[in-house]
Amino acid sequence: MPIVFRRRRGRSMGEFMMLNLMLRRLPGWINRLAGPAVVALAIVMIADLAWASSGGGHGGGGLPQLKPEYFPEQLFWLVISFVVLYIMNAGVGLPRVGEILEKREETIARDIHKAEELKEGAATYRTAVEQHLVKARAEANETIAGVVKEAEAKEAAQRAKLELEFATRLRRAEERVALAKKSAMRDVHAAAADIARAAVAKLGGVEIDDGVAASAVAVVVKERG
Amino acid sequence: MDPLHQFHITPIIPLVIGGVDVNFNNAALAMVLACVLISALLIVGTRKRALVPGRLQSLAEILYDFVSNIVRENAGEEARPFFPLVFTIFTFVLFGNMLGMVPYMFTFTSHLIVTFTLAFMVFLFVTVLGFVRHGLHFFAFFMPPGAPIALAPVLVPIEIISYFIRPVSLSVRLFANMMAGHTMLKVFAGFSVMMVASMGGVGYFVAMAPVAINVALVGFELMVAFVQAYVFALLSCLYIRDAIEMH
């Protein structure tokens, strides 16, 4: 597993959040630390007192740092611990942390990509729905127009039929009226002829036949309209 | 009351290999502890491999990011293979310094032999890296580019001396900082003890003044412990850059 070398991105979010958090929690920490600190200081003071009263260490003179007899053991353990630490870091620890960081970046990138895809899909779907709506509206309008037209046509047809029927009935009625008028006029004419004949007979004593009387009535009716 | 007492090496487990004393001493204990803590932070802290990190994992990630930024910004992209080395140096020194801040713990970075070995290792590594990268051309490192050739007899010795002084300055800086800081802490603590010893009951109140100063000093020393580890890693990175890029 190769060590992942991270890209430059200035102060990392983690560092910033950590600093922020530390600053905010500082007073609380100090409060909590104050008690143990006092206890620890007291213990140190007492221990130092005890140590001082017992005569003070082995009293070896000079700087302990400048005593070559202790060099080999320090070097020995320094080399061992440093090499072991390097192997642990390079072999296990760092690849692991690098892997975690890489995976997180991948996951975030993938999720963003997915969200963008979904957004795109939603936009496409929306357009499709809108198109569908437009189409449906147009179809509905067409259907409504068709139905209206049909209804109007039916109504017109019915109206025409009814008008025809009324016209027929009217004509028949008029014919009947005309017929009745004609026969009534004929009766009136006959009555007039009778009256005329009777009047002539009574006044003039002349007997005229029906034909003459009728023609005379016809002439008068014609003259007077 | 010896403020240097804290720097004494005391064997814990006697050990002799090839006639040489290699006792497991208090310094070795601190070194091994530093190793264990660093490895535990990186390995146990990240055992969940959480997408949203917990406390320990955050710490491990911040440490990783921090050192990786130091390496990239100061040693360049080409120094990528040396990131584990710089990380190990930084964490080892940092934990050594920080463990030293724990009362009764030994500060192994306060011993010149330890810091010098670390610095000399960096020096050797950088020199070998320079020769592997540039072959014999690496000697040109000792002649600043663009300088008139007539000045070479002056410049070259200066450059060579400054090159070889590197492990010394690197190690003495860390060692002196740690030793001075810890000695100062102990001296002020010693004042308190002396006051109590000489003044009795009143001394307990007067002794609070050095204690208060020590509280501030402890804060300061914590900062120094971090800054010195940072400086050590930073300079190592700059040396690596020199070996890779040559000026």
# chains A, B, ... in the order shown; residues from 1 in each chain; ligands from 1
>>> closest_atom_pairs(of="segment 14-85 of chain B", to="segment 213-233 of chain B", cutoff="12 Å", atoms="only C-alpha atoms", output="Markdown table")
| residue | atom | partner | partner_atom | distance |
| --- | --- | --- | --- | --- |
| B:Leu63 | CA | B:Tyr230 | CA | 11.5 |
| B:Phe66 | CA | B:Tyr230 | CA | 9.9 |
| B:Val67 | CA | B:Ala233 | CA | 8.3 |
| B:Ser68 | CA | B:Ala233 | CA | 10.9 |
| B:Asn69 | CA | B:Ala233 | CA | 11.3 |
| B:Ile70 | CA | B:Ala233 | CA | 7.9 |
| B:Val71 | CA | B:Ala233 | CA | 8.5 |
| B:Asn74 | CA | B:Ala233 | CA | 9.9 |
| B:Ala75 | CA | B:Ala233 | CA | 10.5 |
| B:Phe82 | CA | B:Ala233 | CA | 11.6 |
| B:Phe83 | CA | B:Ala233 | CA | 10.5 |
| B:Pro84 | CA | B:Ala233 | CA | 11.5 |
| B:Leu85 | CA | B:Ala233 | CA | 9.6 |
>>> interface_residues(of="chain A", to="chain B", cutoff="6 Å", atoms="only C-alpha atoms", output="PyMOL selection string")
chain A and resi 64-65+73+77+81+85-86+90+93+104
>>> write_last_selection(atoms="C-alpha atoms", output="mmCIF file, in the first residue's frame")
data_model
loop_
_atom_site.group_PDB
_atom_site.id
_atom_site.type_symbol
_atom_site.label_atom_id
_atom_site.label_comp_id
_atom_site.auth_asym_id
_atom_site.auth_seq_id
_atom_site.Cartn_x
_atom_site.Cartn_y
_atom_site.Cartn_z
ATOM 1 C CA PRO A 64 24.673 13.775 33.132
ATOM 2 C CA GLN A 65 24.568 14.596 29.397
ATOM 3 C CA GLU A 73 22.800 2.290 26.151
ATOM 4 C CA TRP A 77 17.672 1.959 22.582
ATOM 5 C CA SER A 81 12.963 2.378 19.035
ATOM 6 C CA LEU A 85 8.776 3.239 14.966
ATOM 7 C CA TYR A 86 9.800 3.896 11.350
ATOM 8 C CA ALA A 90 5.833 3.371 7.101
ATOM 9 C CA GLY A 93 0.159 3.418 10.469
ATOM 10 C CA ARG A 104 -13.061 9.916 2.408
#
>>> select_by_dssp(residues="segment 1-230 of chain B", states="strand (DSSP E)", output="ChimeraX atom specification")
/B:11-13,16-17,20-21,24-25
>>> write_last_selection(atoms="N, CA and C atoms", output="PDB file, in the first residue's frame")
ATOM      1  N   PRO B  11      19.489   2.883  35.307  1.00  0.00           N
ATOM      2  CA  PRO B  11      19.113   1.606  34.695  1.00  0.00           C
ATOM      3  C   PRO B  11      17.867   1.028  35.358  1.00  0.00           C
ATOM      4  N   ILE B  12      17.024   0.425  34.533  1.00  0.00           N
ATOM      5  CA  ILE B  12      15.838  -0.255  35.062  1.00  0.00           C
ATOM      6  C   ILE B  12      16.045  -1.764  34.969  1.00  0.00           C
ATOM      7  N   ILE B  13      16.393  -2.208  33.747  1.00  0.00           N
ATOM      8  CA  ILE B  13      16.720  -3.630  33.561  1.00  0.00           C
ATOM      9  C   ILE B  13      18.169  -3.716  33.080  1.00  0.00           C
ATOM     10  N   VAL B  16      23.661  -6.478  29.167  1.00  0.00           N
ATOM     11  CA  VAL B  16      24.993  -6.329  28.597  1.00  0.00           C
ATOM     12  C   VAL B  16      25.045  -7.150  27.322  1.00  0.00           C
ATOM     13  N   ILE B  17      25.407  -6.495  26.220  1.00  0.00           N
ATOM     14  CA  ILE B  17      25.543  -7.213  24.942  1.00  0.00           C
ATOM     15  C   ILE B  17      26.949  -6.978  24.430  1.00  0.00           C
ATOM     16  N   VAL B  20      29.270  -4.624  26.285  1.00  0.00           N
ATOM     17  CA  VAL B  20      28.888  -3.213  26.413  1.00  0.00           C
ATOM     18  C   VAL B  20      27.594  -3.125  27.221  1.00  0.00           C
ATOM     19  N   ASP B  21      27.566  -2.172  28.156  1.00  0.00           N
ATOM     20  CA  ASP B  21      26.341  -1.949  28.932  1.00  0.00           C
ATOM     21  C   ASP B  21      25.265  -1.351  28.030  1.00  0.00           C
ATOM     22  N   PHE B  24      18.480  -1.297  29.944  1.00  0.00           N
ATOM     23  CA  PHE B  24      17.196  -0.647  29.654  1.00  0.00           C
ATOM     24  C   PHE B  24      17.000   0.382  30.757  1.00  0.00           C
ATOM     25  N   ASN B  25      17.210   1.674  30.413  1.00  0.00           N
ATOM     26  CA  ASN B  25      17.182   2.718  31.440  1.00  0.00           C
ATOM     27  C   ASN B  25      15.936   3.591  31.325  1.00  0.00           C
TER      28      ASN B  25
END
>>> atom_distance(atom1="atom CA of Val128 of chain B", atom2="atom CA of Val79 of chain A")
18.8 Å
>>> closest_residue(among="B:Pro3, B:Pro153, B:Gly76, B:Gly19", to="Lys186 of chain B", atoms="only C-alpha atoms")
B:Pro3
>>> atom_distance(atom1="atom CA of Val172 of chain B", atom2="atom CA of Ser236 of chain B")
14.2 Å
>>> closest_residue(among="A:Val217, A:Ala157, A:Leu94, A:Val147", to="Ala191 of chain A", atoms="only C-alpha atoms")
A:Val217
>>> residues_around(residues="Ile244 of chain B", least_positions_apart="5", cutoff="8 Å", atoms="only C-alpha atoms", output="MDAnalysis selection string")
chainID B and resid 78:79 129:130 133
>>> write_last_selection(atoms="C-alpha atoms", output="tab-separated table (two decimals), in the first residue's frame")
chain	number	residue	atom	x	y	z
B	78	GLU	CA	9.52	15.02	-5.01
B	79	ALA	CA	10.11	14.36	-1.32
B	129	LEU	CA	20.38	11.24	-1.05
B	130	GLY	CA	22.28	14.12	-2.66
B	133	ARG	CA	20.41	11.98	-7.02
>>> atom_distance(atom1="atom CA of Phe141 of chain B", atom2="atom CA of Glu159 of chain B")
8.2 Å
>>> closest_residue(among="A:Ala199, A:Arg224, A:Ala193, A:Glu152", to="Val212 of chain A", atoms="only C-alpha atoms")
A:Ala193
>>> decode(residues="segment 88-215 of chain B", atoms="C-alpha atoms", output="JSON list (two decimals), in the first residue's frame")
[["chain", "number", "residue", "atom", "x", "y", "z"],
["B", 88, "THR", "CA", 8.75, 9.40, 12.29],
["B", 89, "ILE", "CA", 11.30, 12.10, 13.19],
["B", 90, "PHE", "CA", 8.61, 14.64, 14.01],
["B", 91, "THR", "CA", 6.43, 12.33, 16.10],
["B", 92, "PHE", "CA", 9.40, 10.78, 17.89],
["B", 93, "VAL", "CA", 10.80, 14.17, 18.90],
["B", 94, "LEU", "CA", 7.35, 15.58, 19.68],
["B", 95, "PHE", "CA", 6.37, 12.66, 21.90],
["B", 96, "GLY", "CA", 9.82, 12.69, 23.50],
["B", 97, "ASN", "CA", 9.39, 16.36, 24.36],
["B", 98, "MET", "CA", 5.80, 15.96, 25.51],
["B", 99, "LEU", "CA", 6.48, 12.88, 27.63],
["B", 100, "GLY", "CA", 9.17, 14.96, 29.31],
["B", 101, "MET", "CA", 6.47, 17.36, 30.45],
["B", 102, "VAL", "CA", 4.85, 14.60, 32.48],
["B", 103, "PRO", "CA", 6.19, 14.78, 36.04],
["B", 104, "TYR", "CA", 8.78, 12.07, 36.82],
["B", 105, "MET", "CA", 9.09, 11.14, 33.17],
["B", 106, "PHE", "CA", 12.51, 11.27, 31.58],
["B", 107, "THR", "CA", 13.07, 13.69, 28.68],
["B", 108, "PHE", "CA", 15.24, 11.76, 26.25],
["B", 109, "THR", "CA", 15.49, 14.77, 23.91],
["B", 110, "SER", "CA", 17.37, 16.61, 26.66],
["B", 111, "HIS", "CA", 20.41, 14.45, 26.01],
["B", 112, "LEU", "CA", 22.81, 15.68, 23.36],
["B", 113, "ILE", "CA", 23.83, 12.16, 22.36],
["B", 114, "VAL", "CA", 20.20, 11.37, 21.43],
["B", 115, "THR", "CA", 19.48, 14.58, 19.53],
["B", 116, "PHE", "CA", 22.88, 14.43, 17.84],
["B", 117, "THR", "CA", 22.26, 10.87, 16.69],
["B", 118, "LEU", "CA", 18.92, 11.89, 15.23],
["B", 119, "ALA", "CA", 20.42, 14.96, 13.57],
["B", 120, "PHE", "CA", 23.40, 13.03, 12.29],
["B", 121, "MET", "CA", 21.10, 10.40, 10.85],
["B", 122, "VAL", "CA", 19.24, 13.15, 8.97],
["B", 123, "PHE", "CA", 22.59, 14.57, 7.84],
["B", 124, "LEU", "CA", 23.82, 11.21, 6.58],
["B", 125, "PHE", "CA", 20.52, 10.48, 4.89],
["B", 126, "VAL", "CA", 20.49, 13.86, 3.14],
["B", 127, "THR", "CA", 24.11, 13.55, 2.01],
["B", 128, "VAL", "CA", 23.58, 10.04, 0.62],
["B", 129, "LEU", "CA", 20.38, 11.24, -1.05],
["B", 130, "GLY", "CA", 22.28, 14.12, -2.66],
["B", 131, "PHE", "CA", 24.94, 11.82, -4.08],
["B", 132, "VAL", "CA", 22.39, 9.27, -5.26],
["B", 133, "ARG", "CA", 20.41, 11.98, -7.02],
["B", 134, "HIS", "CA", 23.23, 14.02, -8.50],
["B", 135, "GLY", "CA", 26.32, 11.82, -8.36],
["B", 136, "LEU", "CA", 29.58, 13.71, -8.11],
["B", 137, "HIS", "CA", 27.77, 16.80, -9.34],
["B", 138, "PHE", "CA", 26.51, 17.13, -5.76],
["B", 139, "PHE", "CA", 29.88, 18.69, -4.90],
["B", 140, "ALA", "CA", 28.72, 21.72, -6.87],
["B", 141, "PHE", "CA", 26.42, 22.31, -3.91],
["B", 142, "PHE", "CA", 29.38, 23.85, -2.13],
["B", 143, "MET", "CA", 29.82, 26.54, -4.78],
["B", 144, "PRO", "CA", 26.85, 28.95, -4.88],
["B", 145, "PRO", "CA", 25.63, 29.30, -8.46],
["B", 146, "GLY", "CA", 26.36, 32.64, -10.12],
["B", 147, "ALA", "CA", 29.18, 33.55, -7.75],
["B", 148, "PRO", "CA", 32.41, 34.66, -9.44],
["B", 149, "ILE", "CA", 34.88, 31.81, -9.67],
["B", 150, "ALA", "CA", 37.57, 33.98, -8.06],
["B", 151, "LEU", "CA", 35.65, 33.86, -4.80],
["B", 152, "ALA", "CA", 35.64, 30.07, -4.76],
["B", 153, "PRO", "CA", 38.56, 29.72, -2.33],
["B", 154, "VAL", "CA", 36.54, 31.75, 0.19],
["B", 155, "LEU", "CA", 33.04, 30.54, -0.56],
["B", 156, "VAL", "CA", 33.67, 26.83, -0.80],
["B", 157, "PRO", "CA", 35.16, 26.45, 2.70],
["B", 158, "ILE", "CA", 32.34, 28.56, 4.15],
["B", 159, "GLU", "CA", 29.74, 26.42, 2.38],
["B", 160, "ILE", "CA", 31.42, 23.20, 3.47],
["B", 161, "ILE", "CA", 31.63, 24.35, 7.08],
["B", 162, "SER", "CA", 28.01, 25.46, 7.09],
["B", 163, "TYR", "CA", 27.02, 22.12, 5.60],
["B", 164, "PHE", "CA", 28.86, 20.11, 8.22],
["B", 165, "ILE", "CA", 27.66, 22.34, 11.04],
["B", 166, "ARG", "CA", 24.09, 21.35, 10.23],
["B", 167, "PRO", "CA", 23.84, 18.24, 12.41],
["B", 168, "VAL", "CA", 25.46, 20.16, 15.26],
["B", 169, "SER", "CA", 23.10, 23.13, 15.13],
["B", 170, "LEU", "CA", 20.10, 20.87, 14.59],
["B", 171, "SER", "CA", 20.90, 18.70, 17.58],
["B", 172, "VAL", "CA", 22.14, 21.44, 19.92],
["B", 173, "ARG", "CA", 19.05, 23.55, 19.30],
["B", 174, "LEU", "CA", 16.73, 20.77, 20.42],
["B", 175, "PHE", "CA", 18.92, 19.55, 23.28],
["B", 176, "ALA", "CA", 19.59, 23.05, 24.67],
["B", 177, "ASN", "CA", 15.94, 24.06, 24.52],
["B", 178, "MET", "CA", 14.77, 20.96, 26.32],
["B", 179, "MET", "CA", 17.51, 20.96, 28.91],
["B", 180, "ALA", "CA", 17.25, 24.68, 29.68],
["B", 181, "GLY", "CA", 13.48, 24.55, 29.97],
["B", 182, "HIS", "CA", 13.45, 21.55, 32.28],
["B", 183, "THR", "CA", 16.27, 22.93, 34.39],
["B", 184, "MET", "CA", 14.40, 26.21, 34.77],
["B", 185, "LEU", "CA", 11.24, 24.38, 35.84],
["B", 186, "LYS", "CA", 13.22, 22.46, 38.41],
["B", 187, "VAL", "CA", 15.01, 25.58, 39.68],
["B", 188, "PHE", "CA", 11.73, 27.39, 40.29],
["B", 189, "ALA", "CA", 10.24, 24.30, 41.91],
["B", 190, "GLY", "CA", 13.39, 24.19, 44.06],
["B", 191, "PHE", "CA", 12.77, 27.79, 45.21],
["B", 192, "SER", "CA", 9.40, 26.73, 46.59],
["B", 193, "VAL", "CA", 10.94, 23.78, 48.39],
["B", 194, "MET", "CA", 13.67, 25.95, 49.86],
["B", 195, "MET", "CA", 11.17, 28.56, 51.03],
["B", 196, "VAL", "CA", 9.09, 25.92, 52.76],
["B", 197, "ALA", "CA", 12.19, 24.37, 54.30],
["B", 198, "SER", "CA", 13.58, 27.66, 55.58],
["B", 199, "MET", "CA", 10.42, 29.55, 56.57],
["B", 200, "GLY", "CA", 8.20, 26.79, 57.82],
["B", 201, "GLY", "CA", 4.45, 27.61, 57.85],
["B", 202, "VAL", "CA", 4.85, 31.08, 56.29],
["B", 203, "GLY", "CA", 6.94, 29.47, 53.60],
["B", 204, "TYR", "CA", 3.93, 27.61, 52.25],
["B", 205, "PHE", "CA", 2.35, 30.95, 51.32],
["B", 206, "VAL", "CA", 5.51, 32.61, 50.00],
["B", 207, "ALA", "CA", 6.26, 29.47, 48.00],
["B", 208, "MET", "CA", 3.13, 30.06, 45.96],
["B", 209, "ALA", "CA", 4.96, 32.75, 43.93],
["B", 210, "PRO", "CA", 7.49, 30.37, 42.30],
["B", 211, "VAL", "CA", 4.67, 27.86, 41.85],
["B", 212, "ALA", "CA", 2.66, 30.47, 39.96],
["B", 213, "ILE", "CA", 5.68, 31.25, 37.78],
["B", 214, "ASN", "CA", 6.12, 27.54, 37.20],
["B", 215, "VAL", "CA", 2.52, 27.21, 36.01]]
